[in-house]
$ cat target_23.cif   # mmCIF, C-alpha atoms and all ligand atoms
data_coords
loop_
_atom_site.label_atom_id
_atom_site.label_comp_id
_atom_site.auth_asym_id
_atom_site.auth_seq_id
_atom_site.Cartn_x
_atom_site.Cartn_y
_atom_site.Cartn_z
CA MET A 543 -52.29 -107.65 -273.87
CA LYS A 544 -50.95 -105.59 -271.01
CA LYS A 545 -52.08 -108.34 -268.59
CA ILE A 546 -50.30 -111.02 -270.61
CA LEU A 547 -47.07 -108.99 -270.67
CA LEU A 548 -47.29 -108.44 -266.93
CA ALA A 549 -47.79 -112.19 -266.38
CA ILE A 550 -44.72 -112.96 -268.52
CA VAL A 551 -42.61 -110.49 -266.57
CA LEU A 552 -43.86 -111.98 -263.29
CA VAL A 553 -43.02 -115.51 -264.36
CA MET A 554 -39.54 -114.42 -265.45
CA PHE A 555 -39.00 -112.63 -262.14
CA LEU A 556 -40.06 -115.68 -260.11
CA GLY A 557 -37.85 -117.90 -262.25
CA LEU A 558 -34.88 -115.66 -261.55
CA ILE A 559 -35.45 -115.80 -257.82
CA SER A 560 -35.69 -119.60 -257.70
CA CYS A 561 -32.62 -119.86 -259.89
CA LYS A 562 -30.71 -117.62 -257.50
CA LYS A 563 -31.89 -119.70 -254.58
CA SER A 564 -30.62 -122.96 -256.03
CA ASN A 565 -27.33 -121.30 -256.94
CA SER A 566 -26.78 -120.16 -253.38
CA SER A 567 -27.52 -123.62 -251.98
CA ASP A 568 -25.05 -125.05 -254.50
CA VAL A 569 -22.42 -122.68 -253.17
CA VAL A 570 -23.04 -123.78 -249.59
CA LYS A 571 -22.75 -127.43 -250.64
CA LYS A 572 -19.51 -126.75 -252.50
CA GLU A 573 -18.03 -124.99 -249.48
CA GLU A 574 -18.95 -127.97 -247.31
CA ASP A 575 -17.21 -130.34 -249.74
CA GLU A 576 -14.09 -128.23 -249.77
CA SER A 577 -13.92 -128.06 -245.99
CA LYS A 578 -13.82 -131.88 -245.81
CA THR A 579 -10.18 -132.95 -245.60
CA LEU A 580 -9.36 -135.13 -248.56
CA SER A 581 -7.27 -138.22 -247.86
CA VAL A 582 -3.72 -138.31 -249.14
CA ILE A 583 -4.78 -140.90 -251.71
CA GLU A 584 -7.60 -138.69 -252.98
CA THR A 585 -5.17 -135.78 -253.22
CA TYR A 586 -2.01 -137.38 -254.61
CA GLY A 587 -3.41 -140.52 -256.29
CA GLN A 588 -1.04 -142.43 -258.52
CA LEU A 589 2.60 -141.74 -257.68
CA SER A 590 5.58 -141.93 -260.00
CA VAL A 591 9.27 -141.19 -260.00
CA ARG A 592 10.61 -138.26 -262.02
CA GLY A 593 14.35 -137.68 -261.80
CA ASN A 594 15.28 -137.72 -258.12
CA LYS A 595 11.75 -136.89 -256.93
CA ILE A 596 8.44 -138.62 -256.34
CA ILE A 597 5.51 -136.89 -258.00
CA ASP A 598 1.74 -137.24 -257.69
CA LYS A 599 -1.00 -137.63 -260.30
CA ASN A 600 -0.81 -133.88 -261.05
CA ASN A 601 2.97 -133.94 -261.48
CA ASN A 602 3.58 -132.13 -258.18
CA VAL A 603 6.61 -133.20 -256.14
CA ILE A 604 5.41 -134.85 -252.92
CA GLN A 605 6.80 -136.22 -249.66
CA LEU A 606 5.16 -138.92 -247.55
CA ARG A 607 5.73 -139.32 -243.82
CA GLY A 608 4.62 -142.19 -241.64
CA MET A 609 5.36 -145.14 -239.42
CA SER A 610 6.86 -148.56 -239.97
CA LEU A 611 5.47 -151.53 -238.11
CA PHE A 612 8.00 -153.90 -236.48
CA TRP A 613 9.00 -157.38 -237.79
CA SER A 614 5.63 -159.07 -238.46
CA GLN A 615 6.60 -162.41 -236.85
CA TRP A 616 7.51 -160.76 -233.54
CA MET A 617 5.01 -157.92 -233.25
CA GLY A 618 1.98 -159.20 -235.13
CA GLN A 619 -0.45 -157.59 -232.69
CA TYR A 620 -0.07 -154.23 -234.44
CA TYR A 621 -0.88 -155.64 -237.89
CA THR A 622 -4.50 -154.56 -237.57
CA LYS A 623 -6.82 -152.30 -239.51
CA GLU A 624 -7.59 -150.45 -236.28
CA ALA A 625 -3.94 -149.61 -235.67
CA VAL A 626 -3.64 -148.26 -239.22
CA GLN A 627 -6.81 -146.18 -238.78
CA TRP A 628 -5.50 -144.80 -235.51
CA LEU A 629 -2.13 -143.95 -237.01
CA LYS A 630 -3.92 -142.01 -239.70
CA LYS A 631 -6.40 -140.28 -237.44
CA ASP A 632 -4.29 -139.56 -234.37
CA TRP A 633 -0.72 -139.51 -235.70
CA GLY A 634 -1.49 -138.03 -239.11
CA VAL A 635 0.53 -140.57 -241.11
CA THR A 636 0.26 -140.56 -244.89
CA VAL A 637 2.07 -143.89 -245.25
CA VAL A 638 2.50 -147.06 -243.19
CA ARG A 639 5.03 -149.83 -243.69
CA ALA A 640 4.34 -153.52 -243.16
CA ALA A 641 7.73 -155.11 -242.40
CA MET A 642 7.20 -158.77 -243.19
CA GLY A 643 9.82 -160.85 -241.38
CA VAL A 644 11.11 -163.16 -244.09
CA ASP A 645 13.71 -165.49 -242.66
CA GLU A 646 14.55 -164.72 -239.02
CA GLY A 647 13.30 -167.47 -236.71
CA GLU A 648 10.81 -170.25 -237.24
CA GLU A 649 7.82 -167.97 -237.17
CA SER A 650 8.95 -165.99 -240.22
CA TYR A 651 7.44 -166.02 -243.72
CA ILE A 652 9.69 -168.74 -245.12
CA TYR A 653 8.44 -171.19 -242.49
CA ARG A 654 4.81 -170.12 -242.28
CA PRO A 655 3.95 -168.03 -245.31
CA GLU A 656 0.18 -167.99 -244.95
CA ILE A 657 0.19 -166.56 -241.44
CA GLU A 658 2.64 -163.76 -242.20
CA LYS A 659 1.00 -162.96 -245.53
CA GLU A 660 -2.38 -162.64 -243.86
CA LYS A 661 -0.98 -160.05 -241.44
CA VAL A 662 0.51 -158.00 -244.24
CA PHE A 663 -2.69 -158.17 -246.31
CA ARG A 664 -4.67 -156.98 -243.29
CA VAL A 665 -2.45 -153.90 -243.04
CA MET A 666 -2.76 -153.30 -246.79
CA ASP A 667 -6.54 -153.56 -246.64
CA GLY A 668 -6.53 -151.22 -243.64
CA ALA A 669 -4.39 -148.68 -245.50
CA ILE A 670 -6.67 -148.78 -248.53
CA GLU A 671 -9.71 -148.22 -246.31
CA ALA A 672 -7.96 -145.41 -244.44
CA GLY A 673 -6.82 -143.73 -247.66
CA VAL A 674 -3.08 -143.83 -246.96
CA TYR A 675 -0.11 -145.28 -248.84
CA VAL A 676 1.33 -148.62 -247.71
CA ILE A 677 4.82 -150.05 -248.16
CA VAL A 678 5.04 -153.82 -248.47
CA ASP A 679 8.51 -154.57 -247.17
CA TRP A 680 10.41 -157.85 -247.66
CA HIS A 681 12.13 -157.47 -244.31
CA SER A 682 15.30 -159.51 -244.70
CA HIS A 683 19.07 -159.17 -244.70
CA HIS A 684 19.51 -162.13 -247.07
CA ALA A 685 16.85 -161.74 -249.74
CA GLU A 686 19.15 -162.99 -252.51
CA ASP A 687 18.93 -166.42 -250.82
CA TYR A 688 15.13 -166.39 -251.22
CA LEU A 689 14.71 -165.08 -254.74
CA GLU A 690 12.02 -167.55 -255.79
CA GLU A 691 9.98 -166.92 -252.64
CA SER A 692 10.32 -163.18 -253.16
CA LYS A 693 9.23 -163.40 -256.79
CA SER A 694 6.15 -165.41 -256.00
CA PHE A 695 5.20 -163.27 -252.99
CA PHE A 696 5.45 -160.00 -254.91
CA ALA A 697 3.66 -161.48 -257.93
CA GLU A 698 0.79 -162.40 -255.64
CA VAL A 699 0.75 -158.94 -254.04
CA ALA A 700 0.85 -157.24 -257.45
CA LYS A 701 -1.99 -159.41 -258.77
CA LYS A 702 -4.13 -158.75 -255.74
CA TYR A 703 -3.37 -155.07 -255.12
CA GLY A 704 -1.60 -153.75 -258.23
CA ASP A 705 -4.57 -151.62 -259.31
CA GLU A 706 -4.56 -149.66 -256.07
CA PRO A 707 -2.46 -146.47 -256.12
CA ASN A 708 -1.77 -147.01 -252.38
CA ILE A 709 0.84 -149.71 -252.91
CA ILE A 710 4.59 -149.19 -252.71
CA TYR A 711 6.82 -152.25 -253.02
CA GLU A 712 10.02 -152.50 -250.98
CA ILE A 713 11.59 -155.65 -252.29
CA TYR A 714 14.68 -155.91 -250.06
CA ASN A 715 14.88 -154.18 -246.68
CA GLU A 716 18.61 -154.25 -245.99
CA PRO A 717 21.26 -156.17 -247.88
CA LEU A 718 24.52 -156.74 -246.02
CA ASP A 719 27.95 -156.45 -247.65
CA VAL A 720 27.06 -157.87 -251.06
CA SER A 721 27.81 -156.36 -254.45
CA TRP A 722 25.32 -153.98 -256.06
CA ASP A 723 26.41 -154.92 -259.56
CA ILE A 724 26.67 -158.68 -259.14
CA VAL A 725 24.06 -159.60 -256.52
CA LEU A 726 21.65 -156.78 -255.73
CA LYS A 727 20.84 -155.32 -259.11
CA PRO A 728 20.12 -158.74 -260.67
CA TYR A 729 17.96 -159.67 -257.65
CA HIS A 730 15.97 -156.45 -257.99
CA GLU A 731 15.56 -156.84 -261.75
CA ALA A 732 14.18 -160.35 -261.36
CA VAL A 733 11.61 -159.27 -258.76
CA ILE A 734 10.70 -156.10 -260.69
CA GLU A 735 10.05 -158.16 -263.82
CA GLU A 736 7.62 -160.30 -261.84
CA ILE A 737 5.78 -157.31 -260.33
CA ARG A 738 5.51 -155.52 -263.66
CA LYS A 739 3.59 -158.46 -265.17
CA TYR A 740 0.65 -157.39 -263.03
CA ASP A 741 1.33 -153.82 -261.93
CA SER A 742 2.69 -151.48 -264.53
CA ASN A 743 3.19 -148.36 -262.51
CA ASN A 744 3.33 -148.40 -258.68
CA ILE A 745 6.70 -147.42 -257.22
CA ILE A 746 9.24 -150.13 -256.38
CA VAL A 747 11.93 -149.27 -253.80
CA CYS A 748 15.22 -151.18 -254.01
CA GLY A 749 17.63 -151.88 -251.16
CA THR A 750 21.29 -150.94 -251.37
CA ARG A 751 24.53 -152.40 -249.97
CA LEU A 752 25.35 -152.13 -246.24
CA TRP A 753 21.94 -151.89 -244.60
CA SER A 754 20.61 -149.73 -247.42
CA GLN A 755 23.14 -147.00 -246.99
CA ARG A 756 25.26 -147.14 -250.15
CA VAL A 757 22.83 -145.40 -252.45
CA ASP A 758 25.84 -143.87 -254.22
CA GLU A 759 26.71 -147.25 -255.73
CA VAL A 760 23.57 -147.06 -257.84
CA ILE A 761 24.83 -143.98 -259.69
CA SER A 762 27.01 -145.79 -262.22
CA ASN A 763 24.62 -148.70 -262.68
CA PRO A 764 20.97 -147.75 -262.10
CA ILE A 765 18.04 -150.04 -262.84
CA GLN A 766 16.68 -149.17 -266.28
CA GLU A 767 13.00 -149.26 -265.44
CA ASP A 768 10.36 -146.64 -264.68
CA ASN A 769 9.19 -145.71 -261.20
CA ILE A 770 12.15 -147.10 -259.30
CA ALA A 771 13.44 -145.50 -256.09
CA TYR A 772 16.28 -146.60 -253.82
CA THR A 773 16.22 -147.27 -250.10
CA LEU A 774 18.20 -145.07 -247.73
CA HIS A 775 18.15 -146.09 -244.04
CA TYR A 776 19.61 -144.20 -241.11
CA TYR A 777 19.58 -144.17 -237.31
CA SER A 778 20.25 -140.58 -236.37
CA SER A 779 22.30 -141.18 -233.19
CA THR A 780 24.75 -143.30 -235.24
CA HIS A 781 24.66 -142.15 -238.87
CA LYS A 782 25.32 -138.47 -239.40
CA GLN A 783 26.85 -136.11 -241.96
CA GLU A 784 28.87 -138.84 -243.66
CA LEU A 785 25.70 -140.65 -244.64
CA ARG A 786 23.97 -137.44 -245.70
CA ASP A 787 26.98 -136.80 -247.96
CA ILE A 788 26.53 -140.21 -249.57
CA ALA A 789 22.83 -139.47 -250.04
CA THR A 790 23.67 -136.09 -251.59
CA LEU A 791 25.93 -137.75 -254.17
CA ALA A 792 23.03 -139.95 -255.22
CA ILE A 793 20.51 -137.10 -255.27
CA ASN A 794 22.83 -134.98 -257.39
CA ALA A 795 23.07 -137.86 -259.85
CA ASP A 796 19.27 -137.94 -260.18
CA VAL A 797 18.78 -141.05 -258.06
CA ALA A 798 15.39 -141.01 -256.28
CA LEU A 799 15.65 -141.93 -252.59
CA PHE A 800 13.03 -143.18 -250.16
CA VAL A 801 13.78 -143.50 -246.44
CA THR A 802 11.53 -146.48 -245.84
CA GLU A 803 13.03 -146.81 -242.36
CA PHE A 804 14.91 -144.57 -239.95
CA GLY A 805 15.23 -144.37 -236.18
CA VAL A 806 15.90 -141.52 -233.80
CA SER A 807 17.93 -144.01 -231.73
CA GLU A 808 21.27 -145.73 -232.38
CA ALA A 809 21.56 -148.33 -235.15
CA SER A 810 20.91 -151.14 -232.66
CA GLY A 811 17.36 -149.82 -232.27
CA ASN A 812 18.26 -148.84 -228.72
CA GLY A 813 20.63 -146.45 -226.92
CA VAL A 814 20.54 -142.67 -226.84
CA ILE A 815 18.22 -140.35 -228.70
CA ASP A 816 20.10 -137.41 -230.19
CA ILE A 817 17.36 -134.84 -230.71
CA SER A 818 19.47 -132.32 -232.60
CA GLU A 819 20.74 -134.96 -235.09
CA ALA A 820 17.19 -136.21 -235.55
CA ASN A 821 16.20 -132.67 -236.52
CA ILE A 822 19.17 -132.20 -238.85
CA TRP A 823 18.04 -135.33 -240.67
CA TRP A 824 14.42 -134.16 -240.85
CA ASP A 825 15.58 -130.84 -242.32
CA PHE A 826 17.66 -132.73 -244.87
CA LEU A 827 14.72 -134.92 -245.87
CA ASP A 828 12.40 -131.92 -246.17
CA GLU A 829 14.89 -129.95 -248.27
CA ASN A 830 15.21 -132.86 -250.65
CA LYS A 831 11.56 -133.92 -250.47
CA ILE A 832 12.47 -137.43 -249.37
CA SER A 833 9.63 -139.54 -247.98
CA TRP A 834 10.09 -141.40 -244.70
CA CYS A 835 8.81 -144.04 -242.28
CA ASN A 836 9.94 -144.23 -238.67
CA TRP A 837 11.03 -147.46 -236.95
CA SER A 838 8.82 -148.56 -235.25
CA ILE A 839 5.33 -149.24 -233.99
CA ALA A 840 6.35 -151.69 -231.29
CA ASP A 841 6.03 -151.98 -227.53
CA LYS A 842 9.46 -153.55 -227.06
CA GLU A 843 11.69 -152.03 -224.39
CA GLU A 844 14.05 -150.21 -226.72
CA ALA A 845 14.55 -146.54 -227.56
CA SER A 846 13.30 -146.76 -231.13
CA ALA A 847 9.97 -148.36 -230.14
CA ALA A 848 7.12 -145.84 -230.24
CA LEU A 849 5.03 -147.53 -227.55
CA TYR A 850 5.52 -148.70 -223.99
CA PRO A 851 5.00 -152.39 -223.16
CA GLY A 852 1.39 -153.46 -223.23
CA ALA A 853 -0.02 -150.80 -225.60
CA ALA A 854 -3.03 -152.30 -227.37
CA GLY A 855 -2.86 -153.67 -230.90
CA THR A 856 -5.90 -151.67 -231.88
CA GLY A 857 -4.61 -148.12 -231.41
CA ASN A 858 -6.29 -145.58 -229.08
CA TRP A 859 -2.93 -145.06 -227.41
CA SER A 860 -2.90 -142.50 -224.61
CA ASN A 861 -0.01 -140.09 -224.10
CA GLU A 862 1.28 -142.27 -221.26
CA GLU A 863 1.59 -145.22 -223.64
CA ILE A 864 3.78 -143.35 -226.12
CA THR A 865 7.57 -143.33 -225.60
CA ILE A 866 9.97 -140.40 -225.95
CA SER A 867 10.81 -141.37 -229.53
CA GLY A 868 7.13 -142.00 -230.29
CA LYS A 869 6.18 -138.55 -229.02
CA MET A 870 8.93 -136.85 -231.06
CA VAL A 871 7.89 -138.56 -234.25
CA ARG A 872 4.15 -138.10 -233.67
CA GLU A 873 4.69 -134.37 -233.17
CA GLU A 874 6.72 -134.16 -236.37
CA LEU A 875 4.04 -136.06 -238.27
CA LYS A 876 1.20 -133.93 -236.97
CA GLU A 877 3.04 -130.73 -237.78
CA LYS A 878 4.32 -131.65 -241.22
CA ASN A 879 1.35 -133.66 -242.49
CA GLN A 880 -1.13 -130.92 -241.60
CA ASP A 881 -2.81 -131.02 -245.00
CA PHE A 882 -4.20 -134.43 -244.14
CA ASN A 883 -5.15 -134.17 -240.48
C1 LIG B 901 15.82 -154.39 -234.90
C2 LIG B 901 14.90 -154.27 -233.71
C3 LIG B 901 15.45 -155.09 -232.56
C4 LIG B 901 15.66 -156.52 -233.05
C5 LIG B 901 16.54 -156.56 -234.30
C6 LIG B 901 16.71 -157.96 -234.86
O1 LIG B 901 14.77 -152.91 -233.36
O2 LIG B 901 14.59 -155.08 -231.46
O3 LIG B 901 16.30 -157.27 -232.04
O4 LIG B 901 15.95 -155.74 -235.29
O5 LIG B 901 17.61 -157.95 -235.94
C7 LIG B 901 17.54 -152.04 -239.03
C8 LIG B 901 16.59 -153.11 -239.42
C9 LIG B 901 15.59 -153.38 -238.32
C10 LIG B 901 16.26 -153.29 -236.95
C11 LIG B 901 16.70 -151.84 -236.75
C12 LIG B 901 17.32 -151.55 -235.39
O6 LIG B 901 15.94 -152.88 -240.63
O7 LIG B 901 15.07 -154.65 -238.52
O8 LIG B 901 15.31 -153.65 -235.97
N1 LIG B 901 17.64 -151.51 -237.80
O9 LIG B 901 18.47 -152.32 -235.20
N2 LIG B 901 18.45 -151.47 -239.81
C13 LIG B 901 19.17 -150.62 -239.07
C14 LIG B 901 18.67 -150.61 -237.78
#

$ encode --input "target_23.cif" --output "structure tokens"
Amino acid sequence: MKKILLAIVLVMFLGLISCKKSNSSDVVKKEEDESKTLSVIETYGQLSVRGNKIIDKNNNVIQLRGMSLFWSQWMGQYYTKEAVQWLKKDWGVTVVRAAMGVDEGEESYIYRPEIEKEKVFRVMDGAIEAGVYVIVDWHSHHAEDYLEESKSFFAEVAKKYGDEPNIIYEIYNEPLDVSWDIVLKPYHEAVIEEIRKYDSNNIIVCGTRLWSQRVDEVISNPIQEDNIAYTLHYYSSTHKQELRDIATLAINADVALFVTEFGVSEASGNGVIDISEANIWWDFLDENKISWCNWSIADKEEASAALYPGAAGTGNWSNEEITISGKMVREELKEKNQDFN
């Protein structure tokens, strides 16, 4: 009897030890998992708009920061998966913007839709693989003249990619001096209706009068749909406090803003870089948790271009290939997007 009892105690003791062992290896494994940096998509997941903020799948207010590519018809070499991967890995972006040139010049989407669409889809696929958000931008100043083309393009995008939380639609880059009430809002509503047939929840960003600066005009006549944000664009050496005041009016009226494009140059895309104004704007965006994309990943000889002429389309850019504006923005991205790089 004594022997049997002893055996039972021994078995229990051994069982306890092995149990402890497996527990400790579980702990090690868990620590390893936690030390792996999750992608922004794994962390934030499905985005939505609540009041004047963008929130993630856990209802936390979030802010995305990243880079815009240049007009697709003129700078197609950067519409690659490799460039997107590099921007994520080396620049720390959480969002990229594909600026599909709609109607400027004979190489634009209106004249050769398949070629331009393919470029944009490549960037979208690259963003999904890299685990970052991607803005699909209808880069035009006259989108109301191409409503049918816009509807069918965005319907196709929504059908193909609508289930991915990565997608953000920007359905009109920059309207000129046309009425919000009479032209812009109806344009947006028609395109939104098309997108919502296939994608019920991803965010849609809507352009506003005068190069997407008059976000205040939305206040009295907002679009009555869920998950809508409004585009605010600025070039910090040209647009200063006056534009921040307009933005503040909109924010205070619960209008959600998204800076899908800004430059640290003058509005022409060239000219001087005013570092202190660029920082005032960044502070403003951080205070208000407004997401942003910088103009632009391009190797054109202009101040807003992030790369010097000849930089490869596949990323791997050395310090010498990055311009003054590119370096400023890359530093800001690396510092502020630390959770994801
Ligand atoms: C600019 C490019 C410039 C090009 C021009 C063509 O930087 O090289 O010649 O387009 O129109 C915007 C536009 C964006 C502009 C940018 C700078 O969305 O397309 O790019 N800008 O002018 N809005 C305000 C400034």

$ residues_near_ligand --input "target_23.cif" --ligand "ligand LIG 901 (chain B)" --cutoff "8 Å" --atoms "only C-alpha atoms and all ligand atoms" --output "ChimeraX atom specification"
/A:612-613,681-682,715-716,753,775-777,803-805,808-812,837-838,842,844,846-847

$ residues_around --input "target_23.cif" --residues "Asp881 of chain A" --least-positions-apart "2" --cutoff "10 Å" --atoms "all atoms listed in the file" --output "VMD selection string"
chain A and resid 579 to 582 585 634 876 to 879 883

$ atom_distance --input "target_23.cif" --atom1 "atom CA of Ala669 of chain A" --atom2 "atom CA of Val637 of chain A"
8.0 Å

$ atom_distance --input "target_23.cif" --atom1 "atom CA of Glu584 of chain A" --atom2 "atom CA of Gly857 of chain A"
23.7 Å

$ residues_around --input "target_23.cif" --residues "segment 642-656 of chain A" --least-positions-apart "3" --cutoff "7 Å" --atoms "only C-alpha atoms" --output "ChimeraX atom specification"
/A:613-615,659-660,662,679-682

$ atom_distance --input "target_23.cif" --atom1 "atom CA of Glu784 of chain A" --atom2 "atom CA of Ile596 of chain A"
24.0 Å

$ closest_residue --input "target_23.cif" --among "A:Glu712, A:Glu829, A:Glu873, A:Asp741" --to "Ala685 of chain A" --atoms "all atoms listed in the file"
A:Glu712

$ closest_residue --input "target_23.cif" --among "A:Ser590, A:Glu731, A:Ile710, A:Phe663" --to "Val603 of chain A" --atoms "all atoms listed in the file"
A:Ser590

$ axis_aligned_box --input "target_23.cif" --around "segment 781-794 of chain A" --padding-each-side "8 Å" --output "AutoDock Vina command-line options"
--center_x 24.7 --center_y -138.6 --center_z -248.1 --size_x 24.4 --size_y 23.2 --size_z 34.5

$ residues_around --input "target_23.cif" --residues "Asp758 of chain A" --least-positions-apart "2" --cutoff "12 Å" --atoms "all atoms listed in the file" --output "number ranges by chain"
A: 722, 749-752, 754-756, 760-764, 772-774, 785-799

$ closest_residue --input "target_23.cif" --among "A:Thr802, A:Tyr711, A:Glu698, A:Gln627" --to "Asn769 of chain A" --atoms "only C-alpha atoms"
A:Tyr711

$ closest_residue --input "target_23.cif" --among "A:Asn861, A:Ser742, A:Ser721, A:Ser779" --to "Asp816 of chain A" --atoms "all atoms listed in the file"
A:Ser779

$ residues_near_point --input "target_23.cif" --point "(5.8, -144.2, -237.1)" --cutoff "9 Å" --atoms "all atoms listed in the file" --output "number ranges by chain"
A: 607-611, 629, 633, 635, 637-639, 835-839, 848, 868, 871-872, 875

$ closest_residue --input "target_23.cif" --among "A:Asp719, A:Glu706, A:Glu862, A:Asp632" --to "Asn743 of chain A" --atoms "only C-alpha atoms"
A:Glu706

$ residues_around --input "target_23.cif" --residues "Glu819 of chain A" --least-positions-apart "3" --cutoff "10 Å" --atoms "only C-alpha atoms" --output "list of chain:residue names"
A:Tyr777, A:Ser778, A:Ser779, A:Thr780, A:His781, A:Lys782, A:Gln783, A:Val806, A:Ile815, A:Asp816, A:Ile822, A:Trp823, A:Trp824, A:Asp825

$ residues_around --input "target_23.cif" --residues "Ile737 of chain A" --least-positions-apart "2" --cutoff "10 Å" --atoms "only C-alpha atoms" --output "PDB file with C-alpha atoms, in the coordinates of the input"
ATOM      1  CA  LYS A 693       9.230-163.400-256.790  1.00  0.00           C
ATOM      2  CA  SER A 694       6.150-165.410-256.000  1.00  0.00           C
ATOM      3  CA  PHE A 695       5.200-163.270-252.990  1.00  0.00           C
ATOM      4  CA  PHE A 696       5.450-160.000-254.910  1.00  0.00           C
ATOM      5  CA  ALA A 697       3.660-161.480-257.930  1.00  0.00           C
ATOM      6  CA  GLU A 698       0.790-162.400-255.640  1.00  0.00           C
ATOM      7  CA  VAL A 699       0.750-158.940-254.040  1.00  0.00           C
ATOM      8  CA  ALA A 700       0.850-157.240-257.450  1.00  0.00           C
ATOM      9  CA  LYS A 701      -1.990-159.410-258.770  1.00  0.00           C
ATOM     10  CA  GLY A 704      -1.600-153.750-258.230  1.00  0.00           C
ATOM     11  CA  TYR A 711       6.820-152.250-253.020  1.00  0.00           C
ATOM     12  CA  GLU A 731      15.560-156.840-261.750  1.00  0.00           C
ATOM     13  CA  ALA A 732      14.180-160.350-261.360  1.00  0.00           C
ATOM     14  CA  VAL A 733      11.610-159.270-258.760  1.00  0.00           C
ATOM     15  CA  ILE A 734      10.700-156.100-260.690  1.00  0.00           C
ATOM     16  CA  GLU A 735      10.050-158.160-263.820  1.00  0.00           C
ATOM     17  CA  LYS A 739       3.590-158.460-265.170  1.00  0.00           C
ATOM     18  CA  TYR A 740       0.650-157.390-263.030  1.00  0.00           C
ATOM     19  CA  ASP A 741       1.330-153.820-261.930  1.00  0.00           C
ATOM     20  CA  SER A 742       2.690-151.480-264.530  1.00  0.00           C
ATOM     21  CA  ASN A 743       3.190-148.360-262.510  1.00  0.00           C
ATOM     22  CA  ASN A 744       3.330-148.400-258.680  1.00  0.00           C
ATOM     23  CA  ILE A 746       9.240-150.130-256.380  1.00  0.00           C
TER      24      ILE A 746
END

$ closest_residue --input "target_23.cif" --among "A:Tyr703, A:Tyr714, A:Phe800, A:Trp616" --to "Met666 of chain A" --atoms "only C-alpha atoms"
A:Tyr703

$ build_atoms --input "target_23.cif" --residues "segment 673-684 of chain A" --atoms "N, CA and C atoms" --output "PDB file, keeping the file's coordinate frame"
ATOM      1  N   GLY A 673      -7.239-144.719-246.661  1.00  0.00           N
ATOM      2  CA  GLY A 673      -6.820-143.730-247.660  1.00  0.00           C
ATOM      3  C   GLY A 673      -5.391-143.252-247.460  1.00  0.00           C
ATOM      4  N   VAL A 674      -4.498-144.180-247.062  1.00  0.00           N
ATOM      5  CA  VAL A 674      -3.080-143.830-246.960  1.00  0.00           C
ATOM      6  C   VAL A 674      -2.241-144.790-247.816  1.00  0.00           C
ATOM      7  N   TYR A 675      -1.008-144.406-248.083  1.00  0.00           N
ATOM      8  CA  TYR A 675      -0.110-145.280-248.840  1.00  0.00           C
ATOM      9  C   TYR A 675       0.406-146.392-247.921  1.00  0.00           C
ATOM     10  N   VAL A 676       0.824-147.506-248.517  1.00  0.00           N
ATOM     11  CA  VAL A 676       1.330-148.620-247.710  1.00  0.00           C
ATOM     12  C   VAL A 676       2.540-149.246-248.398  1.00  0.00           C
ATOM     13  N   ILE A 677       3.607-149.402-247.637  1.00  0.00           N
ATOM     14  CA  ILE A 677       4.820-150.050-248.160  1.00  0.00           C
ATOM     15  C   ILE A 677       4.784-151.516-247.760  1.00  0.00           C
ATOM     16  N   VAL A 678       4.946-152.386-248.747  1.00  0.00           N
ATOM     17  CA  VAL A 678       5.040-153.820-248.470  1.00  0.00           C
ATOM     18  C   VAL A 678       6.505-154.179-248.494  1.00  0.00           C
ATOM     19  N   ASP A 679       7.053-154.435-247.311  1.00  0.00           N
ATOM     20  CA  ASP A 679       8.510-154.570-247.170  1.00  0.00           C
ATOM     21  C   ASP A 679       8.906-156.031-246.954  1.00  0.00           C
ATOM     22  N   TRP A 680       9.805-156.510-247.794  1.00  0.00           N
ATOM     23  CA  TRP A 680      10.410-157.850-247.660  1.00  0.00           C
ATOM     24  C   TRP A 680      11.551-157.676-246.667  1.00  0.00           C
ATOM     25  N   HIS A 681      11.200-157.849-245.365  1.00  0.00           N
ATOM     26  CA  HIS A 681      12.130-157.470-244.310  1.00  0.00           C
ATOM     27  C   HIS A 681      13.147-158.585-244.072  1.00  0.00           C
ATOM     28  N   SER A 682      14.282-158.460-244.751  1.00  0.00           N
ATOM     29  CA  SER A 682      15.300-159.510-244.700  1.00  0.00           C
ATOM     30  C   SER A 682      16.666-158.876-244.902  1.00  0.00           C
ATOM     31  N   HIS A 683      17.700-159.584-244.416  1.00  0.00           N
ATOM     32  CA  HIS A 683      19.070-159.170-244.700  1.00  0.00           C
ATOM     33  C   HIS A 683      19.728-160.144-245.693  1.00  0.00           C
ATOM     34  N   HIS A 684      18.941-161.098-246.181  1.00  0.00           N
ATOM     35  CA  HIS A 684      19.510-162.130-247.070  1.00  0.00           C
ATOM     36  C   HIS A 684      18.556-162.457-248.208  1.00  0.00           C
TER      37      HIS A 684
END
